[in-house]
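Enquirer: Here you go, input.tsv (TSV, C-alpha atoms and all ligand atoms):
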chain	number	residue	atom	x	y	z
A	1	MET	CA	19.51	-3.80	30.30
A	2	ARG	CA	19.39	-0.03	30.61
A	3	LEU	CA	17.46	2.11	28.12
A	4	TYR	CA	18.39	5.80	28.12
A	5	HIS	CA	15.50	7.99	27.05
A	6	HIS	CA	13.62	11.26	27.44
A	7	PRO	CA	9.79	11.23	27.54
A	8	PHE	CA	9.52	14.07	24.95
A	9	SER	CA	11.63	12.21	22.41
A	10	PHE	CA	9.63	10.30	19.82
A	11	ASN	CA	12.81	8.51	18.77
A	12	ALA	CA	13.23	7.23	22.32
A	13	ARG	CA	9.53	6.46	22.59
A	14	ARG	CA	9.58	3.83	19.84
A	15	ALA	CA	12.33	1.97	21.69
A	16	VAL	CA	10.58	2.30	25.06
A	17	MET	CA	7.25	1.16	23.58
A	18	THR	CA	8.94	-1.87	22.06
A	19	ALA	CA	10.53	-2.78	25.39
A	20	LEU	CA	7.17	-2.43	27.17
A	21	HIS	CA	5.24	-4.40	24.55
A	22	LEU	CA	7.79	-7.22	24.65
A	23	ALA	CA	8.09	-7.03	28.45
A	24	SER	CA	11.86	-6.74	27.97
A	25	PRO	CA	13.75	-6.48	31.25
A	26	VAL	CA	14.93	-2.88	30.84
A	27	GLU	CA	15.58	-0.23	33.41
A	28	LEU	CA	14.59	3.18	32.00
A	29	VAL	CA	17.23	5.86	32.55
A	30	PHE	CA	16.11	9.48	32.16
A	31	VAL	CA	18.53	11.73	30.26
A	32	ASP	CA	17.75	15.39	30.85
A	33	LEU	CA	18.04	16.77	27.31
A	34	GLN	CA	16.88	20.22	28.42
A	35	LYS	CA	19.84	20.43	30.80
A	36	GLY	CA	22.23	19.11	28.13
A	37	GLU	CA	23.03	15.83	29.91
A	38	GLN	CA	23.42	14.16	26.52
A	39	ARG	CA	26.53	16.28	25.91
A	40	GLN	CA	28.26	15.31	29.15
A	41	PRO	CA	31.41	13.16	28.70
A	42	GLN	CA	29.79	10.20	30.49
A	43	PHE	CA	26.89	10.08	28.03
A	44	LEU	CA	29.09	10.84	24.99
A	45	LYS	CA	31.02	7.66	25.81
A	46	LEU	CA	27.77	5.78	25.22
A	47	ASN	CA	26.66	7.75	22.17
A	48	PRO	CA	29.04	10.22	20.51
A	49	ASN	CA	26.01	11.54	18.56
A	50	HIS	CA	24.65	12.96	21.87
A	51	ARG	CA	21.19	11.49	21.29
A	52	VAL	CA	18.67	9.23	22.95
A	53	PRO	CA	17.72	6.43	22.87
A	54	VAL	CA	20.69	4.28	23.85
A	55	LEU	CA	20.53	0.69	25.06
A	56	GLU	CA	23.17	-0.85	27.29
A	57	ASP	CA	23.13	-4.62	27.64
A	58	ASP	CA	25.87	-6.12	29.78
A	59	GLY	CA	28.65	-4.01	28.21
A	60	PHE	CA	27.13	-3.94	24.71
A	61	VAL	CA	26.04	-0.42	23.77
A	62	LEU	CA	23.56	0.21	20.96
A	63	TRP	CA	22.26	3.54	19.65
A	64	GLU	CA	19.71	4.28	16.89
A	65	SER	CA	16.11	3.63	17.87
A	66	HIS	CA	15.25	1.23	15.05
A	67	ALA	CA	18.33	-0.91	15.71
A	68	ILE	CA	17.37	-1.03	19.39
A	69	MET	CA	13.85	-2.18	18.48
A	70	GLN	CA	15.22	-4.99	16.31
A	71	TYR	CA	17.68	-6.04	19.02
A	72	LEU	CA	15.01	-6.16	21.73
A	73	ALA	CA	12.74	-8.23	19.50
A	74	ASP	CA	15.56	-10.60	18.55
A	75	LYS	CA	16.28	-11.17	22.24
A	76	THR	CA	12.66	-12.08	23.00
A	77	PRO	CA	11.59	-15.70	22.49
A	78	ARG	CA	8.28	-16.28	20.65
A	79	GLN	CA	7.73	-12.57	19.92
A	80	THR	CA	5.55	-11.63	16.94
A	81	LEU	CA	6.59	-7.99	16.29
A	82	TYR	CA	9.55	-8.88	14.08
A	83	PRO	CA	8.95	-11.92	11.87
A	84	ALA	CA	11.71	-14.44	11.15
A	85	GLN	CA	10.58	-15.33	7.63
A	86	THR	CA	12.88	-13.55	5.14
A	87	ARG	CA	10.32	-11.59	3.09
A	88	ALA	CA	8.12	-10.72	6.05
A	89	ARG	CA	11.20	-9.43	7.88
A	90	ALA	CA	12.36	-7.49	4.81
A	91	ASP	CA	8.95	-5.84	4.63
A	92	VAL	CA	9.23	-4.68	8.26
A	93	ASN	CA	12.82	-3.54	7.65
A	94	ARG	CA	11.70	-1.56	4.60
A	95	TRP	CA	9.27	0.48	6.73
A	96	LEU	CA	11.79	0.93	9.56
A	97	PHE	CA	14.34	2.39	7.13
A	98	TRP	CA	11.63	4.52	5.51
A	99	CYS	CA	10.72	5.83	8.94
A	100	GLY	CA	14.32	6.66	9.87
A	101	GLN	CA	15.24	8.09	6.49
A	102	HIS	CA	12.08	9.91	5.38
A	103	LEU	CA	9.16	10.17	7.79
A	104	SER	CA	10.85	10.95	11.12
A	105	PRO	CA	13.17	13.67	9.71
A	106	ALA	CA	10.20	15.28	7.93
A	107	ILE	CA	8.09	15.33	11.10
A	108	GLY	CA	11.21	16.46	12.97
A	109	ILE	CA	11.27	19.69	10.93
A	110	LEU	CA	7.74	20.68	12.02
A	111	ASN	CA	8.33	19.47	15.57
A	112	TRP	CA	11.44	21.64	15.77
A	113	GLU	CA	9.81	24.73	14.29
A	114	ASN	CA	6.43	24.49	16.06
A	115	VAL	CA	7.30	22.84	19.39
A	116	ILE	CA	10.97	22.68	20.39
A	117	LYS	CA	11.92	26.24	19.38
A	118	ALA	CA	9.12	27.60	21.56
A	119	MET	CA	10.04	25.26	24.42
A	120	LEU	CA	13.69	26.34	24.34
A	121	ARG	CA	12.85	30.00	23.57
A	122	LEU	CA	14.78	29.95	20.33
A	123	GLY	CA	12.58	32.40	18.48
A	124	ALA	CA	9.74	32.22	15.98
A	125	ALA	CA	9.22	29.43	13.49
A	126	ASP	CA	10.98	29.93	10.15
A	127	PRO	CA	8.33	30.15	7.38
A	128	ALA	CA	10.62	28.53	4.78
A	129	GLU	CA	11.28	25.59	7.10
A	130	LEU	CA	7.55	25.29	7.84
A	131	ARG	CA	6.82	25.07	4.11
A	132	ARG	CA	9.57	22.49	3.59
A	133	GLY	CA	8.39	20.39	6.54
A	134	GLU	CA	4.73	20.54	5.49
A	135	GLN	CA	5.58	19.48	1.95
A	136	LEU	CA	7.70	16.54	3.10
A	137	VAL	CA	5.24	15.35	5.76
A	138	ARG	CA	2.41	15.59	3.26
A	139	GLU	CA	4.34	13.55	0.73
A	140	PHE	CA	5.38	10.73	3.06
A	141	ALA	CA	2.19	10.63	5.12
A	142	GLY	CA	0.34	10.34	1.82
A	143	VAL	CA	2.37	7.25	0.92
A	144	LEU	CA	1.51	5.71	4.28
A	145	ASP	CA	-2.16	6.63	4.01
A	146	ALA	CA	-2.48	5.00	0.58
A	147	HIS	CA	-0.71	1.88	1.86
A	148	LEU	CA	-3.10	1.61	4.80
A	149	ALA	CA	-6.26	1.54	2.66
A	150	GLY	CA	-7.98	-1.72	3.61
A	151	ARG	CA	-5.31	-2.65	6.18
A	152	ASP	CA	-5.28	-2.55	9.97
A	153	TRP	CA	-1.49	-2.76	10.29
A	154	ILE	CA	1.43	-1.73	8.12
A	155	CYS	CA	2.95	-5.17	7.51
A	156	GLY	CA	0.84	-8.28	7.02
A	157	ASP	CA	-2.19	-8.64	9.28
A	158	ALA	CA	-0.62	-8.05	12.70
A	159	LEU	CA	1.07	-5.37	14.74
A	160	SER	CA	4.81	-5.20	14.01
A	161	LEU	CA	7.84	-3.05	14.80
A	162	ALA	CA	6.85	-0.96	11.76
A	163	ASP	CA	3.62	0.23	13.41
A	164	ILE	CA	5.37	1.16	16.65
A	165	ALA	CA	8.26	2.94	14.89
A	166	ILE	CA	6.04	4.94	12.56
A	167	ALA	CA	3.32	5.80	15.08
A	168	ALA	CA	5.79	7.32	17.56
A	169	PRO	CA	6.43	10.61	15.68
A	170	PHE	CA	2.69	11.04	14.98
A	171	ALA	CA	2.33	11.80	18.69
A	172	ALA	CA	3.41	15.27	17.58
A	173	THR	CA	0.38	15.63	15.25
A	174	VAL	CA	-1.38	18.40	17.20
A	175	PRO	CA	1.51	20.40	18.74
A	176	ALA	CA	3.70	20.22	15.62
A	177	LYS	CA	0.68	20.95	13.37
A	178	LEU	CA	1.22	17.98	11.08
A	179	PRO	CA	-0.94	18.31	7.95
A	180	VAL	CA	-2.52	14.85	8.24
A	181	ASP	CA	-6.06	15.44	9.54
A	182	ASP	CA	-7.71	14.50	6.27
A	183	LEU	CA	-5.78	11.24	5.80
A	184	GLY	CA	-8.51	8.82	6.88
A	185	HIS	CA	-6.68	5.50	6.57
A	186	LEU	CA	-3.74	6.87	8.51
A	187	GLN	CA	-6.03	8.27	11.23
A	188	ARG	CA	-7.87	4.93	11.60
A	189	TRP	CA	-4.58	3.04	11.89
A	190	PHE	CA	-3.15	5.59	14.36
A	191	ALA	CA	-6.27	5.27	16.55
A	192	GLY	CA	-5.57	1.50	16.65
A	193	VAL	CA	-1.98	2.01	17.80
A	194	GLN	CA	-3.15	4.44	20.47
A	195	LYS	CA	-5.17	1.62	22.06
A	196	LEU	CA	-2.00	-0.33	22.84
A	197	GLU	CA	-0.95	-0.48	26.48
A	198	ALA	CA	2.60	0.42	25.45
A	199	TRP	CA	1.28	3.60	23.82
A	200	LYS	CA	-0.77	4.58	26.85
A	201	ARG	CA	2.10	3.92	29.24
A	202	THR	CA	4.45	6.20	27.28
A	203	ALA	CA	2.00	9.05	26.72
A	204	LEU	CA	2.89	12.39	28.25
A	205	PRO	CA	0.62	13.40	31.16
A	301	LIG	N1	18.29	8.61	14.42
A	301	LIG	C1	18.25	8.68	15.86
A	301	LIG	C2	17.71	10.04	16.26
A	301	LIG	C3	17.78	10.27	17.77
A	301	LIG	C4	17.47	11.72	18.13
A	301	LIG	O1	17.49	12.62	17.27
A	301	LIG	N2	17.22	11.96	19.43
A	301	LIG	C5	16.96	13.31	19.89
A	301	LIG	C6	15.65	13.36	20.68
A	301	LIG	S1	14.26	13.03	19.63
A	301	LIG	C7	18.06	13.74	20.85
A	301	LIG	O2	18.48	12.98	21.69
A	301	LIG	N3	18.53	15.00	20.72
A	301	LIG	C8	19.47	15.57	21.61
A	301	LIG	C9	20.56	16.33	20.90
A	301	LIG	O3	20.55	16.37	19.65
A	301	LIG	O4	21.44	16.87	21.57
A	301	LIG	C10	17.37	7.54	16.42
A	301	LIG	O5	16.45	7.12	15.71
A	301	LIG	O6	17.67	7.04	17.52
In structure tokens, what does this structure look like?
Expert:
Amino acid sequence: MRLYHHPFSFNARRAVMTALHLASPVELVFVDLQKGEQRQPQFLKLNPNHRVPVLEDDGFVLWESHAIMQYLADKTPRQTLYPAQTRARADVNRWLFWCGQHLSPAIGILNWENVIKAMLRLGAADPAELRRGEQLVREFAGVLDAHLAGRDWICGDALSLADIAIAAPFAATVPAKLPVDDLGHLQRWFAGVQKLEAWKRTALP
């Protein structure tokens, strides 16, 4: 299998972390987003949305990071990240959709304004966008923080795809200035995820 990624992309990181944690046999393929490789015809054939990550498995092409995580887990015998039992799986799915629909886009606003715009020299952060991003991150991170009171992991009592998916964008906490420093349950949980080998192996130098 080939997993197309970029090390700066937190969407790609959740897929790469899943592959590493599961010891999935993937070859990592670097897509140079800064040079616009994702908009080249060859890559657009894989993903017309011009985004990483993309997984290629013997002619089957899959984009969307959360779908890739589920696929990698489903291909792995005896894995524990993605439970088979209906309600336990629905619980993990709930948080994956929440991450894709609410949390990641909210963090994406602050990451764009505070990190990517500077990196690509696209001008100063837009104060209205900063306010919108801060409000949304605060709202959704607050939901997560309350959920994590008295829990080590998001679903049940073990690490799952939900933890990996949701932790990935929090890598931007400092550079994107995410307003989450005072959320103690979230910080304790995030420190736990950061101890994972898969986290350490995907951290930027
Ligand atoms: N919903 C997608 C989002 C993927 C995404 O936005 N990837 C960004 C990097 S974080 C990208 O490749 N951007 C390049 C572009 O938009 O041209 C997922 O979860 O896989």
Enquirer: Env of stretch 76-84 of chain A: 6 Å cut, atoms = only C-alpha atoms, seq-sep filter 5 positions within chain, self excluded. Answer as a list in words.
Expert: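 Final neighbour list, sorted by chain and number: Arg89, Ser160 and Leu161 of chain A.
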Enquirer: Within 8 Å of stretch 14-16 of chain A, counting all atoms listed in the file, which residues qualify if same-chain residues fewer than 4 places away don't, as an MDAnalysis selection string?
Expert: chainID A and resid 3 5 10 20 53 65:66 68:69 164:165 168 202
Enquirer: Restricting the calculation to only C-alpha atoms and all ligand atoms: of A:Gln101, A:Thr18, A:Thr86, A:Gln135, which residue gets closest to ligand LIG 301 (chain A)?
Expert: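 Smallest distance to ligand LIG 301 (chain A) is found for A:Gln101.
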Enquirer: Collect all residues with atoms no farther than 7 Å from ligand LIG 301 (chain A), counting only C-alpha atoms and all ligand atoms, and output them as a PyMOL selection string.
Expert: chain A and resi 9-12+33+36+38-39+50-53+63-66+100
Enquirer: Is it possible to get the axis-aligned box enclosing stretch 185-193 of chain A (all listed atoms, 6 Å extra per side) as lines of an AutoDock Vina configuration file, with centre and edge lengths in Å rounded to one decimal?
Expert:
center_x = -4.9
center_y = 4.9
center_z = 12.2
size_x = 17.9
size_y = 18.8
size_z = 23.2
Enquirer: Give me the residues near A:Arg131 as a PyMOL selection string, where near means some atom within 12 Å (using all atoms listed in the file) and where sequence neighbours in that chain fewer than 2 positions away do not count.
Expert: chain A and resi 106+109-110+113-114+125-129+133-138+177-179
Enquirer: Tell me which of A:Phe60, A:Tyr4, A:Trp153, A:Phe140 sits closest to A:Glu27, counting all atoms listed in the file.
Expert: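 Smallest distance to A:Glu27 is found for A:Tyr4.
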Enquirer: Restricting the calculation to all atoms listed in the file, which member of A:Ala191, A:Gln34, A:Val92, A:Asp74 is positioned closest to A:Ala158?
Expert: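 Among the listed residues, A:Val92 lies closest to A:Ala158.
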Enquirer: Could you make a table, as JSON lines, of the residues of stretch 91-172 of chain A that have an atom within 8 Å of an atom of stretch 192-198 of chain A, each with its nearest atom pair and distance in Å to one decimal, counting only C-alpha atoms, in chain and number order?
Expert:
{"residue": "A:Asp152", "atom": "CA", "partner": "A:Gly192", "partner_atom": "CA", "distance": 7.8}
{"residue": "A:Asp163", "atom": "CA", "partner": "A:Val193", "partner_atom": "CA", "distance": 7.3}
{"residue": "A:Ile164", "atom": "CA", "partner": "A:Val193", "partner_atom": "CA", "distance": 7.5}
{"residue": "A:Ala167", "atom": "CA", "partner": "A:Val193", "partner_atom": "CA", "distance": 7.1}
Enquirer: With distances taken over only C-alpha atoms, which residue among A:Asp57, A:Glu139, A:Asp157, A:Asp145 lies nearest A:Val26?
Expert: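 Checking each of A:Asp57, A:Glu139, A:Asp157, A:Asp145 against A:Val26, counting only C-alpha atoms, the winner is A:Asp57.
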Enquirer: Counting all atoms listed in the file, which residue out of A:Lys75, A:Arg2, A:His21, A:Arg121 sits closest to A:Leu62?
Expert: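 The closest residue to A:Leu62 is A:Arg2.
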Enquirer: What separation in Å, quoted to one decimal, exists between atom CA of A:Trp95 and atom CA of A:Trp112?
Expert: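 According to the coordinates, atom CA of A:Trp95 and atom CA of A:Trp112 are separated by 23.1 Å.
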Enquirer: For a quick check of understanding, using all atoms listed in the file, which of A:Leu130, A:Cys155, A:Ala118, A:Ala141 has the smallest distance to A:Ala88?
Expert: A:Cys155
Enquirer: One decimal, in Å: what's the spacing between atom CA of A:Trp189 and atom CA of A:Ala149?
Expert: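 Interatomic distance here is 9.5 Å.
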Enquirer: Please, what distance in Å, to one decimal, runs between atom CA of A:Leu148 and atom CA of A:Ser24?
Expert: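 Those two atoms sit 28.8 Å apart.
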Enquirer: Write out as a PyMOL selection string which residues come within 10 Å of A:Phe8 when counting only C-alpha atoms, dropping same-chain ones fewer than 6 positions away.
Expert: chain A and resi 33+116+171-172+202-204
Enquirer: Assuming the input is short of atoms at stretch 115-149 of chain A, produce N, CA and C atoms for that part as a CSV table (one decimal), in the coordinates of the input.
Expert:
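Listed below is the output, part_19.csv:
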chain,number,residue,atom,x,y,z
A,115,VAL,N,7.3,23.3,18.0
A,115,VAL,CA,7.3,22.8,19.4
A,115,VAL,C,8.6,23.2,20.1
A,116,ILE,N,9.7,22.6,19.6
A,116,ILE,CA,11.0,22.7,20.4
A,116,ILE,C,11.5,24.1,20.5
A,117,LYS,N,11.4,24.9,19.4
A,117,LYS,CA,11.9,26.2,19.4
A,117,LYS,C,11.2,27.1,20.4
A,118,ALA,N,9.9,26.9,20.5
A,118,ALA,CA,9.1,27.6,21.6
A,118,ALA,C,9.5,27.1,23.0
A,119,MET,N,9.7,25.8,23.1
A,119,MET,CA,10.0,25.3,24.4
A,119,MET,C,11.4,25.8,24.9
A,120,LEU,N,12.3,25.9,24.0
A,120,LEU,CA,13.7,26.3,24.3
A,120,LEU,C,13.9,27.9,24.1
A,121,ARG,N,12.8,28.5,23.8
A,121,ARG,CA,12.8,30.0,23.6
A,121,ARG,C,13.9,30.4,22.5
A,122,LEU,N,13.8,29.7,21.4
A,122,LEU,CA,14.8,30.0,20.3
A,122,LEU,C,14.2,30.8,19.2
A,123,GLY,N,13.1,31.5,19.5
A,123,GLY,CA,12.6,32.4,18.5
A,123,GLY,C,11.4,31.8,17.7
A,124,ALA,N,10.9,32.6,16.7
A,124,ALA,CA,9.7,32.2,16.0
A,124,ALA,C,10.1,31.2,14.9
A,125,ALA,N,9.0,30.4,14.5
A,125,ALA,CA,9.2,29.4,13.5
A,125,ALA,C,9.6,30.1,12.2
A,126,ASP,N,10.5,29.4,11.4
A,126,ASP,CA,11.0,29.9,10.2
A,126,ASP,C,10.0,29.5,9.0
A,127,PRO,N,9.4,30.5,8.4
A,127,PRO,CA,8.3,30.2,7.4
A,127,PRO,C,8.8,29.2,6.3
A,128,ALA,N,10.1,29.4,5.9
A,128,ALA,CA,10.6,28.5,4.8
A,128,ALA,C,10.7,27.1,5.3
A,129,GLU,N,11.2,26.9,6.5
A,129,GLU,CA,11.3,25.6,7.1
A,129,GLU,C,9.9,25.0,7.3
A,130,LEU,N,8.9,25.8,7.7
A,130,LEU,CA,7.6,25.3,7.8
A,130,LEU,C,7.0,24.8,6.5
A,131,ARG,N,7.3,25.5,5.4
A,131,ARG,CA,6.8,25.1,4.1
A,131,ARG,C,7.5,23.8,3.7
A,132,ARG,N,8.8,23.7,3.9
A,132,ARG,CA,9.6,22.5,3.6
A,132,ARG,C,9.1,21.3,4.4
A,133,GLY,N,8.9,21.5,5.7
A,133,GLY,CA,8.4,20.4,6.5
A,133,GLY,C,7.0,19.9,6.1
A,134,GLU,N,6.1,20.9,5.9
A,134,GLU,CA,4.7,20.5,5.5
A,134,GLU,C,4.7,19.7,4.2
A,135,GLN,N,5.5,20.2,3.2
A,135,GLN,CA,5.6,19.5,2.0
A,135,GLN,C,6.1,18.0,2.1
A,136,LEU,N,7.1,17.9,2.9
A,136,LEU,CA,7.7,16.5,3.1
A,136,LEU,C,6.7,15.6,3.9
A,137,VAL,N,6.2,16.2,5.0
A,137,VAL,CA,5.2,15.4,5.8
A,137,VAL,C,4.1,14.9,4.9
A,138,ARG,N,3.5,15.9,4.1
A,138,ARG,CA,2.4,15.6,3.3
A,138,ARG,C,2.8,14.5,2.3
A,139,GLU,N,3.9,14.6,1.7
A,139,GLU,CA,4.3,13.6,0.7
A,139,GLU,C,4.4,12.2,1.4
A,140,PHE,N,5.2,12.1,2.5
A,140,PHE,CA,5.4,10.7,3.1
A,140,PHE,C,4.1,10.2,3.8
A,141,ALA,N,3.4,11.1,4.5
A,141,ALA,CA,2.2,10.6,5.1
A,141,ALA,C,1.2,10.1,4.1
A,142,GLY,N,1.2,10.8,2.9
A,142,GLY,CA,0.3,10.3,1.8
A,142,GLY,C,0.7,8.9,1.4
A,143,VAL,N,2.0,8.6,1.3
A,143,VAL,CA,2.4,7.2,0.9
A,143,VAL,C,1.8,6.3,2.0
A,144,LEU,N,2.0,6.6,3.2
A,144,LEU,CA,1.5,5.7,4.3
A,144,LEU,C,0.0,5.6,4.2
A,145,ASP,N,-0.7,6.7,4.1
A,145,ASP,CA,-2.2,6.6,4.0
A,145,ASP,C,-2.7,5.7,2.9
A,146,ALA,N,-2.1,5.8,1.7
A,146,ALA,CA,-2.5,5.0,0.6
A,146,ALA,C,-2.2,3.5,0.9
A,147,HIS,N,-1.1,3.3,1.5
A,147,HIS,CA,-0.7,1.9,1.9
A,147,HIS,C,-1.7,1.3,2.9
A,148,LEU,N,-2.2,2.1,3.7
A,148,LEU,CA,-3.1,1.6,4.8
A,148,LEU,C,-4.6,1.4,4.4
A,149,ALA,N,-4.9,1.8,3.1
A,149,ALA,CA,-6.3,1.5,2.7
A,149,ALA,C,-6.6,0.0,2.8
